[in-house]
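A.B. asks: I'd like to ask some things about the structure below.
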Amino acid sequence: MRKVVVQRQVILTADASSPKLRSMAHRVVFAIIIQLLLCNHARAVELLLSDVEALKSIRAMLADMPGSSFFASWDFSTDPCSFSGVLCNDMDGVERVTVLTLGEASGNSGLSGKLSSALGNLAALQQLTLVPGQVIGPIPTTIGDMANLQFVGLSKNYLSGGIPDSLANLHQLLTLDLSYNRLTGSIPEAFATLPKLSTLILARNLLTGNLPSFRSPLSHLDVRQNKFFGIIPAFPISINDLSLANNQLSGPLDGIADLTDLGYLDLSFNEFSGTVPSAIFGFKLRVLQLQRNQLSGPIKPPGLVVIPTIDLSFNNLSGVISPFLAFAQNIYLNNNKFTGAVPQEFADELLSDSIQILYLQHNFLTSF
């Protein structure tokens, strides 16, 4: 018995430099580290569970169309961050879903079904894309709960209903593309004040009402082929690409003269009236399309017009044709009320092949 006591004393009073004691200490420290790592891992998985549940709900309401195998990798017995279309990032020490692309971006077949309201539970999501397919039903209002969203692209499906008012809560949103769907109703007024929105594409829907006065820093606005009516509202001077074509908009174009940064302007197939502001012809436009409106009066460019494509056809424009228009490449002046002789500059530019297309028919011109 004494021998045992002595051995215990020896162990307890051994020098700290003892290899045996150092080995034991290392094992204890290593065990503590492993325990901490396991705790942290468990905590991360627990915090990610809300994202996992959201993905399960999204999956339950969508299906691959014939030819698509997008959901083949969505096996919830494995790590959801490895799923097709799912990108996770470390957010304050926790893995969260930050990018979700529903469907094969490079494929010809999309998804069918509906969008789940559980999308709103992906609180860290920054980019949401739905590839072209046959997804029906409304846009979930819960998308407005995802405060970190910067990009939303839900184009070329069969989404219906209105644009949710809740989207006005997305103060980080830069781009919204809801084009080529079956959306109805008007653009929510509050939605037009999003502080960072630079690209808004709502083309080819069934939207109606007046266009709101946009106070967002828009550079690209495309609302063509809807049913909007009323006059042109105030647009931010930052706008570069503007398409309002194929609506029922009316009134004068005076406000457009202030948008000096325009690079693309399409106001065709509306009911605009009055004269064409001369300042527009001095803009650095790639395309100017004002055809099929009710515009009238003379065209008076302030100088040489170097816009590659100008379409003023099917209006009520009158007076002589300005020689300054001869320096465009594609010129459509047909079906108006222009009078007098065609300026010599047009013949010169045609002979030099500078003008590629020139339509002058159905006017009251006397000679060429």
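Convention: chains lettered A, B, ... in structure tokens order; per-chain residue numbering from 1; ligands numbered from 1 as shown.
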Excluding Leu218 in chain A and residues on its chain fewer than 6 positions from it, collect all residues at most 8 Å away from it, counting only C-alpha atoms, and give them as a list in words.

C.D. replies: Leu197, Ser198, Thr199, Leu200, Pro236, Ser238 and Ile239 of chain A

A.B. asks: According to DSSP computed on the backbone, where in range 47-290 of chain A is there alpha helix (DSSP H)? Give the residues as a ChimeraX atom specification.

C.D. replies: /A:47-60

A.B. asks: Could those residues be written to a file, using N, CA, C and O atoms, as a PDB file, in the first residue's frame?

C.D. replies:
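Final file, again_29.pdb:
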ATOM      1  N   LEU A  47     -27.658  27.070 -37.145  1.00  0.00           N
ATOM      2  CA  LEU A  47     -28.050  28.346 -37.725  1.00  0.00           C
ATOM      3  C   LEU A  47     -28.397  28.209 -39.203  1.00  0.00           C
ATOM      4  O   LEU A  47     -29.173  28.990 -39.727  1.00  0.00           O
ATOM      5  N   LEU A  48     -27.829  27.207 -39.851  1.00  0.00           N
ATOM      6  CA  LEU A  48     -28.099  26.994 -41.266  1.00  0.00           C
ATOM      7  C   LEU A  48     -29.399  26.227 -41.485  1.00  0.00           C
ATOM      8  O   LEU A  48     -29.901  26.166 -42.590  1.00  0.00           O
ATOM      9  N   LEU A  49     -29.952  25.667 -40.426  1.00  0.00           N
ATOM     10  CA  LEU A  49     -31.152  24.864 -40.570  1.00  0.00           C
ATOM     11  C   LEU A  49     -32.306  25.646 -41.198  1.00  0.00           C
ATOM     12  O   LEU A  49     -33.096  25.094 -41.964  1.00  0.00           O
ATOM     13  N   SER A  50     -32.413  26.927 -40.898  1.00  0.00           N
ATOM     14  CA  SER A  50     -33.491  27.718 -41.493  1.00  0.00           C
ATOM     15  C   SER A  50     -33.327  27.803 -43.010  1.00  0.00           C
ATOM     16  O   SER A  50     -34.312  27.777 -43.758  1.00  0.00           O
ATOM     17  N   ASP A  51     -32.072  27.884 -43.475  1.00  0.00           N
ATOM     18  CA  ASP A  51     -31.824  27.891 -44.914  1.00  0.00           C
ATOM     19  C   ASP A  51     -32.138  26.532 -45.525  1.00  0.00           C
ATOM     20  O   ASP A  51     -32.701  26.442 -46.623  1.00  0.00           O
ATOM     21  N   VAL A  52     -31.771  25.476 -44.821  1.00  0.00           N
ATOM     22  CA  VAL A  52     -32.058  24.117 -45.310  1.00  0.00           C
ATOM     23  C   VAL A  52     -33.557  23.912 -45.450  1.00  0.00           C
ATOM     24  O   VAL A  52     -34.046  23.398 -46.466  1.00  0.00           O
ATOM     25  N   GLU A  53     -34.305  24.321 -44.432  1.00  0.00           N
ATOM     26  CA  GLU A  53     -35.755  24.165 -44.481  1.00  0.00           C
ATOM     27  C   GLU A  53     -36.364  24.982 -45.619  1.00  0.00           C
ATOM     28  O   GLU A  53     -37.317  24.548 -46.289  1.00  0.00           O
ATOM     29  N   ALA A  54     -35.809  26.175 -45.837  1.00  0.00           N
ATOM     30  CA  ALA A  54     -36.295  27.002 -46.944  1.00  0.00           C
ATOM     31  C   ALA A  54     -36.046  26.308 -48.284  1.00  0.00           C
ATOM     32  O   ALA A  54     -36.924  26.275 -49.156  1.00  0.00           O
ATOM     33  N   LEU A  55     -34.859  25.754 -48.459  1.00  0.00           N
ATOM     34  CA  LEU A  55     -34.537  25.043 -49.698  1.00  0.00           C
ATOM     35  C   LEU A  55     -35.449  23.832 -49.897  1.00  0.00           C
ATOM     36  O   LEU A  55     -35.863  23.531 -51.026  1.00  0.00           O
ATOM     37  N   LYS A  56     -35.781  23.142 -48.818  1.00  0.00           N
ATOM     38  CA  LYS A  56     -36.706  22.005 -48.920  1.00  0.00           C
ATOM     39  C   LYS A  56     -38.077  22.463 -49.411  1.00  0.00           C
ATOM     40  O   LYS A  56     -38.698  21.808 -50.261  1.00  0.00           O
ATOM     41  N   SER A  57     -38.554  23.582 -48.892  1.00  0.00           N
ATOM     42  CA  SER A  57     -39.861  24.097 -49.313  1.00  0.00           C
ATOM     43  C   SER A  57     -39.826  24.548 -50.770  1.00  0.00           C
ATOM     44  O   SER A  57     -40.784  24.314 -51.524  1.00  0.00           O
ATOM     45  N   ILE A  58     -38.730  25.191 -51.157  1.00  0.00           N
ATOM     46  CA  ILE A  58     -38.582  25.629 -52.550  1.00  0.00           C
ATOM     47  C   ILE A  58     -38.595  24.424 -53.481  1.00  0.00           C
ATOM     48  O   ILE A  58     -39.269  24.420 -54.515  1.00  0.00           O
ATOM     49  N   ARG A  59     -37.847  23.400 -53.103  1.00  0.00           N
ATOM     50  CA  ARG A  59     -37.767  22.179 -53.922  1.00  0.00           C
ATOM     51  C   ARG A  59     -39.119  21.499 -54.039  1.00  0.00           C
ATOM     52  O   ARG A  59     -39.482  20.979 -55.115  1.00  0.00           O
ATOM     53  N   ALA A  60     -39.901  21.503 -52.967  1.00  0.00           N
ATOM     54  CA  ALA A  60     -41.179  20.798 -52.961  1.00  0.00           C
ATOM     55  C   ALA A  60     -42.185  21.405 -53.931  1.00  0.00           C
ATOM     56  O   ALA A  60     -43.103  20.716 -54.397  1.00  0.00           O
TER      57      ALA A  60
END

A.B. asks: Fewer than 6 positions away in the same chain doesn't count, so skip those; otherwise give me all residues within 6 Å of range 131-134 of chain A, counting only C-alpha atoms, as a list in words.

C.D. replies: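 Here the qualifying residues turn out to be Gly103, Gly110, Leu111, Ser112, Lys156, Asn157 and Tyr158 of chain A.
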
A.B. asks: Restricting the output to N, CA, C and O atoms, write the selected residues as a short mmCIF file (atom, residue, chain, number, x, y, z; two decimals), in the first residue's frame.

C.D. replies:
data_model
loop_
_atom_site.label_atom_id
_atom_site.label_comp_id
_atom_site.auth_asym_id
_atom_site.auth_seq_id
_atom_site.Cartn_x
_atom_site.Cartn_y
_atom_site.Cartn_z
N GLY A 103 -32.66 26.58 -61.71
CA GLY A 103 -32.66 26.11 -63.09
C GLY A 103 -31.27 26.15 -63.69
O GLY A 103 -30.37 26.81 -63.17
N GLY A 110 -36.38 24.72 -68.44
CA GLY A 110 -36.40 25.34 -67.13
C GLY A 110 -37.17 24.51 -66.14
O GLY A 110 -37.17 23.28 -66.18
N LEU A 111 -37.86 25.19 -65.24
CA LEU A 111 -38.61 24.54 -64.18
C LEU A 111 -40.10 24.84 -64.32
O LEU A 111 -40.49 25.79 -64.99
N SER A 112 -40.89 24.04 -63.68
CA SER A 112 -42.33 24.28 -63.59
C SER A 112 -42.73 24.30 -62.12
O SER A 112 -41.96 23.91 -61.25
N LYS A 156 -39.12 35.62 -68.09
CA LYS A 156 -39.47 34.58 -69.05
C LYS A 156 -40.04 33.33 -68.39
O LYS A 156 -39.62 32.21 -68.63
N ASN A 157 -41.05 33.57 -67.55
CA ASN A 157 -41.85 32.49 -67.01
C ASN A 157 -43.32 32.88 -67.16
O ASN A 157 -43.66 33.64 -68.07
N TYR A 158 -44.18 32.38 -66.31
CA TYR A 158 -45.60 32.69 -66.39
C TYR A 158 -46.10 33.24 -65.05
O TYR A 158 -47.23 32.96 -64.63
#

A.B. asks: Which residue, A:Ser296, A:Asn181, A:Thr309, A:Gln248, has the smallest gap to Tyr264 in chain A when you use only C-alpha atoms?

C.D. replies: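 For Tyr264 in chain A, the nearest of the candidates is A:Thr309.
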
A.B. asks: Within 9 Å of Ile231 in chain A, counting only C-alpha atoms, which residues show up once you throw out same-chain ones fewer than 4 positions away? Write them as a list of chain:residue names, please.

C.D. replies: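 Neighbouring residues, sequence-local ones excluded: A:Asn210, A:Leu211, A:Leu249, A:Ser250, A:Gly251, A:Pro252, A:Leu253, A:Phe272.
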
A.B. asks: Take the selection from the previous step and output its residues with C-alpha atoms, as a tab-separated table (two decimals), in the first residue's frame.

C.D. replies:
chain	number	residue	atom	x	y	z
A	210	ASN	CA	-49.43	55.68	-64.79
A	211	LEU	CA	-45.67	55.38	-64.61
A	249	LEU	CA	-48.50	56.81	-73.24
A	250	SER	CA	-49.42	60.28	-74.47
A	251	GLY	CA	-48.59	63.95	-74.15
A	252	PRO	CA	-45.48	65.94	-75.10
A	253	LEU	CA	-41.84	64.84	-75.03
A	272	PHE	CA	-47.15	60.98	-77.97

A.B. asks: Taking into account only C-alpha atoms, which residue in the set A:Gly137, A:Ala63, A:Ala105, A:Leu288 is nearest to Ser117 in chain A?

C.D. replies: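 Smallest separation from Ser117 in chain A among the options: A:Gly137.
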
A.B. asks: Give the answer as one residue: which of A:Leu267, A:Leu102, A:Ile237, A:Leu242 has the shortest atom-to-atom distance to Trp74 in chain A, using only C-alpha atoms?

C.D. replies: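 Nearest to Trp74 in chain A: A:Leu102.
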
A.B. asks: Between CA of Asp261 in chain A and CA of Leu312 in chain A, what is the distance in Å, rounded to a tenth?

C.D. replies: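 Computed distance, CA of Asp261 in chain A to CA of Leu312 in chain A, equals 20.7 Å.
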
A.B. asks: Can you pull out every residue within 7 Å of range 170-173 of chain A, counting only C-alpha atoms, but drop anything in the same chain fewer than 5 positions away, and send it as a PDB file with N, CA and C atoms, in the first residue's frame?

C.D. replies:
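For reference, out.pdb as written:
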ATOM      1  N   GLY A 144     -39.638  40.442 -50.138  1.00  0.00           N
ATOM      2  CA  GLY A 144     -39.339  41.737 -49.547  1.00  0.00           C
ATOM      3  C   GLY A 144     -38.681  41.656 -48.186  1.00  0.00           C
ATOM      4  N   ALA A 147     -33.447  41.418 -46.918  1.00  0.00           N
ATOM      5  CA  ALA A 147     -32.897  42.775 -46.929  1.00  0.00           C
ATOM      6  C   ALA A 147     -31.563  42.893 -47.654  1.00  0.00           C
ATOM      7  N   ASN A 148     -30.881  41.767 -47.877  1.00  0.00           N
ATOM      8  CA  ASN A 148     -29.558  41.814 -48.513  1.00  0.00           C
ATOM      9  C   ASN A 148     -29.613  41.632 -50.032  1.00  0.00           C
ATOM     10  N   LEU A 149     -30.794  41.433 -50.597  1.00  0.00           N
ATOM     11  CA  LEU A 149     -30.900  41.170 -52.030  1.00  0.00           C
ATOM     12  C   LEU A 149     -30.375  42.355 -52.852  1.00  0.00           C
ATOM     13  N   GLN A 150     -29.514  42.004 -53.820  1.00  0.00           N
ATOM     14  CA  GLN A 150     -28.978  43.006 -54.739  1.00  0.00           C
ATOM     15  C   GLN A 150     -29.433  42.746 -56.177  1.00  0.00           C
ATOM     16  N   PHE A 151     -29.738  41.497 -56.498  1.00  0.00           N
ATOM     17  CA  PHE A 151     -30.142  41.131 -57.857  1.00  0.00           C
ATOM     18  C   PHE A 151     -31.316  40.178 -57.786  1.00  0.00           C
ATOM     19  N   LEU A 194     -36.508  53.245 -54.553  1.00  0.00           N
ATOM     20  CA  LEU A 194     -35.426  52.401 -54.029  1.00  0.00           C
ATOM     21  C   LEU A 194     -34.085  53.108 -54.204  1.00  0.00           C
ATOM     22  N   PRO A 195     -33.302  53.219 -53.147  1.00  0.00           N
ATOM     23  CA  PRO A 195     -32.142  54.116 -53.164  1.00  0.00           C
ATOM     24  C   PRO A 195     -30.978  53.679 -54.040  1.00  0.00           C
ATOM     25  N   LYS A 196     -30.904  52.371 -54.393  1.00  0.00           N
ATOM     26  CA  LYS A 196     -29.768  51.891 -55.175  1.00  0.00           C
ATOM     27  C   LYS A 196     -30.169  51.265 -56.512  1.00  0.00           C
ATOM     28  N   LEU A 197     -31.443  51.241 -56.832  1.00  0.00           N
ATOM     29  CA  LEU A 197     -31.910  50.555 -58.031  1.00  0.00           C
ATOM     30  C   LEU A 197     -31.386  51.253 -59.285  1.00  0.00           C
TER      31      LEU A 197
END

A.B. asks: Please list as a list of chain:residue names every residue within 6 Å of Ala168 in chain A, counting only C-alpha atoms and excluding residues in the same chain fewer than 2 positions away.

C.D. replies: A:Asp165, A:Ser166, A:Leu170, A:Ala190, A:Phe191

A.B. asks: Taking the DSSP assignment computed from this structure's backbone, write out as a VMD selection string all residues of range 23-250 of chain A that belong to strand (DSSP E or B).

C.D. replies: chain A and resid 62 to 64 86 to 91 94 to 102 111 to 114 127 to 130 134 to 137 151 to 153 158 to 161 175 to 177 182 to 183 199 to 201 208 to 210 220 to 222 227 to 230 241 to 243 248 to 250

A.B. asks: Could you name the residues that touch Ser69 in chain A at 10 Å or less, counting only C-alpha atoms, but leaving out those on the same chain fewer than 2 positions away, as a list of chain:residue names?

C.D. replies: A:Ala63, A:Asp64, A:Met65, A:Pro66, A:Gly67, A:Phe71, A:Ala72, A:Ser73, A:Ser84, A:Gly103, A:Glu104, A:Gly107, A:Ser109, A:Gly110, A:Leu111

A.B. asks: How would the residues just picked look written out with N, CA and C atoms as a compact mmCIF listing (two decimals), in the first residue's frame?

C.D. replies:
# COMPACT_ATOMS: atom_id res chain seq x y z
N ALA A 63 -40.38 21.68 -60.07
CA ALA A 63 -39.99 20.42 -60.70
C ALA A 63 -39.22 20.71 -61.99
N ASP A 64 -38.36 19.79 -62.37
CA ASP A 64 -37.67 19.90 -63.64
C ASP A 64 -38.64 19.69 -64.79
N MET A 65 -38.53 20.53 -65.80
CA MET A 65 -39.27 20.27 -67.04
C MET A 65 -38.54 19.20 -67.83
N PRO A 66 -39.19 18.56 -68.79
CA PRO A 66 -38.50 17.55 -69.60
C PRO A 66 -37.23 18.12 -70.23
N GLY A 67 -36.15 17.39 -70.06
CA GLY A 67 -34.87 17.84 -70.58
C GLY A 67 -34.00 18.51 -69.56
N PHE A 71 -32.53 19.50 -60.55
CA PHE A 71 -32.73 19.06 -59.16
C PHE A 71 -32.09 17.71 -58.85
N ALA A 72 -31.37 17.13 -59.79
CA ALA A 72 -30.75 15.82 -59.55
C ALA A 72 -29.76 15.86 -58.39
N SER A 73 -29.13 17.00 -58.19
CA SER A 73 -28.12 17.10 -57.12
C SER A 73 -28.72 17.52 -55.78
N SER A 84 -26.72 22.15 -57.07
CA SER A 84 -26.69 23.00 -58.25
C SER A 84 -27.45 24.28 -57.97
N GLY A 103 -32.66 26.58 -61.71
CA GLY A 103 -32.66 26.11 -63.09
C GLY A 103 -31.27 26.15 -63.69
N GLU A 104 -31.11 25.41 -64.77
CA GLU A 104 -29.82 25.34 -65.45
C GLU A 104 -29.67 26.54 -66.37
N GLY A 107 -29.02 25.64 -69.92
CA GLY A 107 -29.89 24.63 -70.53
C GLY A 107 -31.04 25.25 -71.30
N SER A 109 -34.16 23.89 -71.03
CA SER A 109 -35.37 23.57 -70.29
C SER A 109 -35.28 24.17 -68.90
N GLY A 110 -36.38 24.72 -68.44
CA GLY A 110 -36.40 25.34 -67.13
C GLY A 110 -37.17 24.51 -66.14
N LEU A 111 -37.86 25.19 -65.24
CA LEU A 111 -38.61 24.54 -64.18
C LEU A 111 -40.10 24.84 -64.32
